[in-house]
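Engineer: Below you'll find the structure I mean.
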Amino acid sequence: MPYFICSQPASPKLDTLPTYKITDYPLEQRDYKPFAQAKVCVTPQDFLVQMWAFEMVPQPESLLRAVFTRPASHNLLVLTAGATGTCTCLARSPEGDKPLDAIVHSLDGEDLQGIYWGATITLRRAVVEQLLGEGCTQAGGTLLGNFYKLSDSPLKPHKGSLYPADFAAGREYALSSLGEFRIVSY
């Protein structure tokens, strides 16, 4: 089932966007499966990703990650937000990782679902298209991707995703672990 990425005006209305829920924890033997969510939109100038996780006391190793690519591309866009407020934005290619400039706003607070942390990451749309291919963020375009909730903390290790990912074989970013995101204008 494809998910949709909405085109929005220059000032996006984030509460109108579809919310993707990270609920697939295939290796989890215990009850610790943190609820995490994400949203994505494109504006005329930007590509915006918002991710947040509900953890009362997140471990320092706790991460949220978004990965995007296209079927014909050898490049990955990798966006990572840490519970400690760190954030990395990378262009991953066969030549190696290259940092990308982004505007990052951390999120933390509490709502009716609980206490959460996360980040809103904004990249220039032109940067995403240069990495993944012209037109990939236009209405009618398709990206492959996934969202992850990860931690290698010895106290609460876990690996979860939106689309089922092959964590057992270490292929969580392989094409077989990514799902379809269609760009729509409405």
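Following the order of the structure tokens, chains are lettered A, B, ..., residues in each are numbered from 1, and ligands are numbered from 1.
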Check the DSSP output for the backbone and give back, as a PyMOL selection string, the residues of chain A in strand (DSSP E).

Structural biologist: chain A and resi 3-7+20-22+36-42+46-54+63-69+76-82+87-93+96-99+103-111+114-124+142-151+158-161+179-185

Engineer: Output the selection as an mmCIF file, in the first residue's frame - C-alpha atoms for each residue.

Structural biologist:
```cif
data_model
loop_
_atom_site.group_PDB
_atom_site.id
_atom_site.type_symbol
_atom_site.label_atom_id
_atom_site.label_comp_id
_atom_site.auth_asym_id
_atom_site.auth_seq_id
_atom_site.Cartn_x
_atom_site.Cartn_y
_atom_site.Cartn_z
ATOM 1 C CA TYR A 3 1.578 6.277 1.334
ATOM 2 C CA PHE A 4 1.146 9.821 0.086
ATOM 3 C CA ILE A 5 3.370 12.886 0.390
ATOM 4 C CA CYS A 6 1.317 16.047 -0.046
ATOM 5 C CA SER A 7 2.342 19.172 -1.890
ATOM 6 C CA TYR A 20 2.672 7.512 9.206
ATOM 7 C CA LYS A 21 2.902 5.212 12.234
ATOM 8 C CA ILE A 22 6.031 3.213 13.028
ATOM 9 C CA ALA A 36 6.534 6.754 16.764
ATOM 10 C CA GLN A 37 5.087 8.791 13.921
ATOM 11 C CA ALA A 38 6.194 10.815 10.917
ATOM 12 C CA LYS A 39 4.882 13.294 8.348
ATOM 13 C CA VAL A 40 6.327 14.498 5.038
ATOM 14 C CA CYS A 41 5.427 17.272 2.629
ATOM 15 C CA VAL A 42 6.897 19.234 -0.235
ATOM 16 C CA ASP A 46 11.357 22.699 0.514
ATOM 17 C CA PHE A 47 11.160 19.021 1.433
ATOM 18 C CA LEU A 48 9.994 18.723 5.032
ATOM 19 C CA VAL A 49 10.108 15.649 7.301
ATOM 20 C CA GLN A 50 8.697 15.612 10.816
ATOM 21 C CA MET A 51 9.322 12.625 13.122
ATOM 22 C CA TRP A 52 8.497 12.090 16.776
ATOM 23 C CA ALA A 53 8.496 9.211 19.284
ATOM 24 C CA PHE A 54 6.617 8.679 22.506
ATOM 25 C CA LEU A 63 16.968 7.505 17.139
ATOM 26 C CA LEU A 64 14.352 8.292 14.533
ATOM 27 C CA ARG A 65 15.384 7.884 10.900
ATOM 28 C CA ALA A 66 13.876 8.556 7.482
ATOM 29 C CA VAL A 67 15.361 7.096 4.311
ATOM 30 C CA PHE A 68 14.336 7.958 0.744
ATOM 31 C CA THR A 69 15.540 6.877 -2.698
ATOM 32 C CA LEU A 76 19.935 7.489 -0.395
ATOM 33 C CA LEU A 77 18.675 10.497 1.515
ATOM 34 C CA VAL A 78 19.183 9.655 5.213
ATOM 35 C CA LEU A 79 17.708 11.919 7.904
ATOM 36 C CA THR A 80 18.348 11.029 11.552
ATOM 37 C CA ALA A 81 17.119 12.698 14.730
ATOM 38 C CA GLY A 82 18.416 11.660 18.143
ATOM 39 C CA CYS A 87 20.410 15.544 13.892
ATOM 40 C CA THR A 88 22.247 14.407 10.779
ATOM 41 C CA CYS A 89 21.219 14.774 7.156
ATOM 42 C CA LEU A 90 23.233 12.730 4.683
ATOM 43 C CA ALA A 91 23.446 12.035 0.981
ATOM 44 C CA ARG A 92 24.612 8.420 0.866
ATOM 45 C CA SER A 93 26.106 7.273 -2.433
ATOM 46 C CA GLY A 96 30.390 7.614 0.600
ATOM 47 C CA ASP A 97 28.321 9.873 2.845
ATOM 48 C CA LYS A 98 28.094 13.613 2.304
ATOM 49 C CA PRO A 99 26.473 15.917 4.887
ATOM 50 C CA ILE A 103 17.043 23.523 9.011
ATOM 51 C CA VAL A 104 16.209 21.491 12.103
ATOM 52 C CA HIS A 105 13.677 22.278 14.813
ATOM 53 C CA SER A 106 13.567 19.918 17.761
ATOM 54 C CA LEU A 107 10.238 18.747 19.115
ATOM 55 C CA ASP A 108 9.453 17.777 22.655
ATOM 56 C CA GLY A 109 6.371 17.949 24.771
ATOM 57 C CA GLU A 110 3.325 16.097 25.927
ATOM 58 C CA ASP A 111 -0.121 15.532 24.454
ATOM 59 C CA GLY A 114 2.044 10.881 26.083
ATOM 60 C CA ILE A 115 5.477 12.473 26.324
ATOM 61 C CA TYR A 116 7.322 12.791 23.018
ATOM 62 C CA TRP A 117 10.569 13.965 21.414
ATOM 63 C CA GLY A 118 11.533 14.428 17.781
ATOM 64 C CA ALA A 119 12.460 16.903 15.065
ATOM 65 C CA THR A 120 11.234 18.749 12.013
ATOM 66 C CA ILE A 121 13.877 18.665 9.280
ATOM 67 C CA THR A 122 13.643 20.952 6.252
ATOM 68 C CA LEU A 123 15.851 20.485 3.193
ATOM 69 C CA ARG A 124 15.834 22.516 0.007
ATOM 70 C CA THR A 142 7.268 8.437 -6.549
ATOM 71 C CA LEU A 143 9.904 7.942 -3.898
ATOM 72 C CA LEU A 144 10.834 4.746 -2.108
ATOM 73 C CA GLY A 145 11.450 5.079 1.592
ATOM 74 C CA ASN A 146 10.845 4.061 5.155
ATOM 75 C CA PHE A 147 10.749 5.495 8.661
ATOM 76 C CA TYR A 148 12.552 3.848 11.566
ATOM 77 C CA LYS A 149 12.626 3.933 15.370
ATOM 78 C CA LEU A 150 15.986 2.559 16.479
ATOM 79 C CA SER A 151 18.052 2.118 19.599
ATOM 80 C CA HIS A 158 14.732 -2.036 19.543
ATOM 81 C CA LYS A 159 14.320 -1.727 15.787
ATOM 82 C CA GLY A 160 10.996 -0.692 14.306
ATOM 83 C CA SER A 161 9.752 0.672 11.004
ATOM 84 C CA GLY A 179 7.878 1.177 0.426
ATOM 85 C CA GLU A 180 6.271 3.541 -2.022
ATOM 86 C CA PHE A 181 5.507 7.209 -1.313
ATOM 87 C CA ARG A 182 3.544 9.000 -4.046
ATOM 88 C CA ILE A 183 3.679 12.783 -4.339
ATOM 89 C CA VAL A 184 0.172 14.211 -4.624
ATOM 90 C CA SER A 185 -1.198 17.723 -4.914
#
```

Engineer: Nearest to Gly133 in chain A: which of A:Pro71, A:Pro154, A:Pro58, A:Pro44 is it, counting only C-alpha atoms?

Structural biologist: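 So, comparing all the options, the nearest one is A:Pro71.
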
Engineer: Figure out the distance between CA of Met1 in chain A and CA of Glu28 in chain A, please, to one decimal in Å.

Structural biologist: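 For CA of Glu28 in chain A relative to CA of Met1 in chain A, the distance reads 23.7 Å.
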
Engineer: Go through A:Ser177, A:Gln130, A:Ser62, A:Asn75 and flag the residue nearest Pro34 in chain A, using only C-alpha atoms for the distances.

Structural biologist: A:Ser62

Engineer: Going by DSSP on the backbone, which bits of chain A are alpha helix (DSSP H)? Write them as a list in words, please.

Structural biologist: Arg125, Ala126, Val127, Val128, Glu129, Gln130, Leu131 and Leu132 of chain A

Engineer: Store the residues picked out above in a file with N, CA, C and O atoms, as a tab-separated table (two decimals), in the first residue's frame.

Structural biologist:
```tsv
chain	number	residue	atom	x	y	z
A	125	ARG	N	14.29	21.64	-1.61
A	125	ARG	CA	13.75	20.67	-2.56
A	125	ARG	C	14.74	20.40	-3.69
A	125	ARG	O	14.89	19.26	-4.15
A	126	ALA	N	15.46	21.43	-4.13
A	126	ALA	CA	16.45	21.28	-5.20
A	126	ALA	C	17.56	20.31	-4.79
A	126	ALA	O	18.08	19.57	-5.62
A	127	VAL	N	17.92	20.30	-3.51
A	127	VAL	CA	18.97	19.39	-3.03
A	127	VAL	C	18.48	17.95	-3.12
A	127	VAL	O	19.22	17.04	-3.54
A	128	VAL	N	17.22	17.71	-2.74
A	128	VAL	CA	16.66	16.36	-2.81
A	128	VAL	C	16.58	15.90	-4.26
A	128	VAL	O	16.94	14.76	-4.58
A	129	GLU	N	16.16	16.79	-5.16
A	129	GLU	CA	16.08	16.41	-6.58
A	129	GLU	C	17.45	16.19	-7.20
A	129	GLU	O	17.61	15.33	-8.05
A	130	GLN	N	18.44	16.95	-6.76
A	130	GLN	CA	19.80	16.74	-7.27
A	130	GLN	C	20.31	15.37	-6.84
A	130	GLN	O	20.97	14.68	-7.61
A	131	LEU	N	19.99	14.96	-5.61
A	131	LEU	CA	20.45	13.68	-5.10
A	131	LEU	C	19.68	12.50	-5.70
A	131	LEU	O	20.27	11.49	-6.09
A	132	LEU	N	18.35	12.62	-5.78
A	132	LEU	CA	17.51	11.48	-6.16
A	132	LEU	C	16.96	11.54	-7.59
A	132	LEU	O	16.39	10.57	-8.06
```

Engineer: Between A:Leu27, A:Met56, A:Ala102, A:Leu155, which is the closest to Gly170 in chain A once you count only C-alpha atoms?

Structural biologist: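 Comparing A:Leu27, A:Met56, A:Ala102, A:Leu155 against Gly170 in chain A, the winner is A:Leu27.
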
Engineer: Kindly indicate which residue among A:Asp101, A:Thr43, A:Ala83, A:Ser153 lies nearest to Gln8 in chain A, using only C-alpha atoms for the distances.

Structural biologist: A:Thr43

Engineer: Looking at only C-alpha atoms, which of A:Glu55, A:Ala174, A:Tyr186, A:Gln138 is the one that sits closest to His74 in chain A?

Structural biologist: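 Of the candidates, the smallest distance to His74 in chain A is held by A:Ala174.
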
Engineer: Could you tell me which of A:Asp152, A:Pro157, A:Leu100, A:Ser11 comes closest to Arg30 in chain A if we count only C-alpha atoms?

Structural biologist: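 Checking each candidate against Arg30 in chain A, we get A:Pro157 as the closest.
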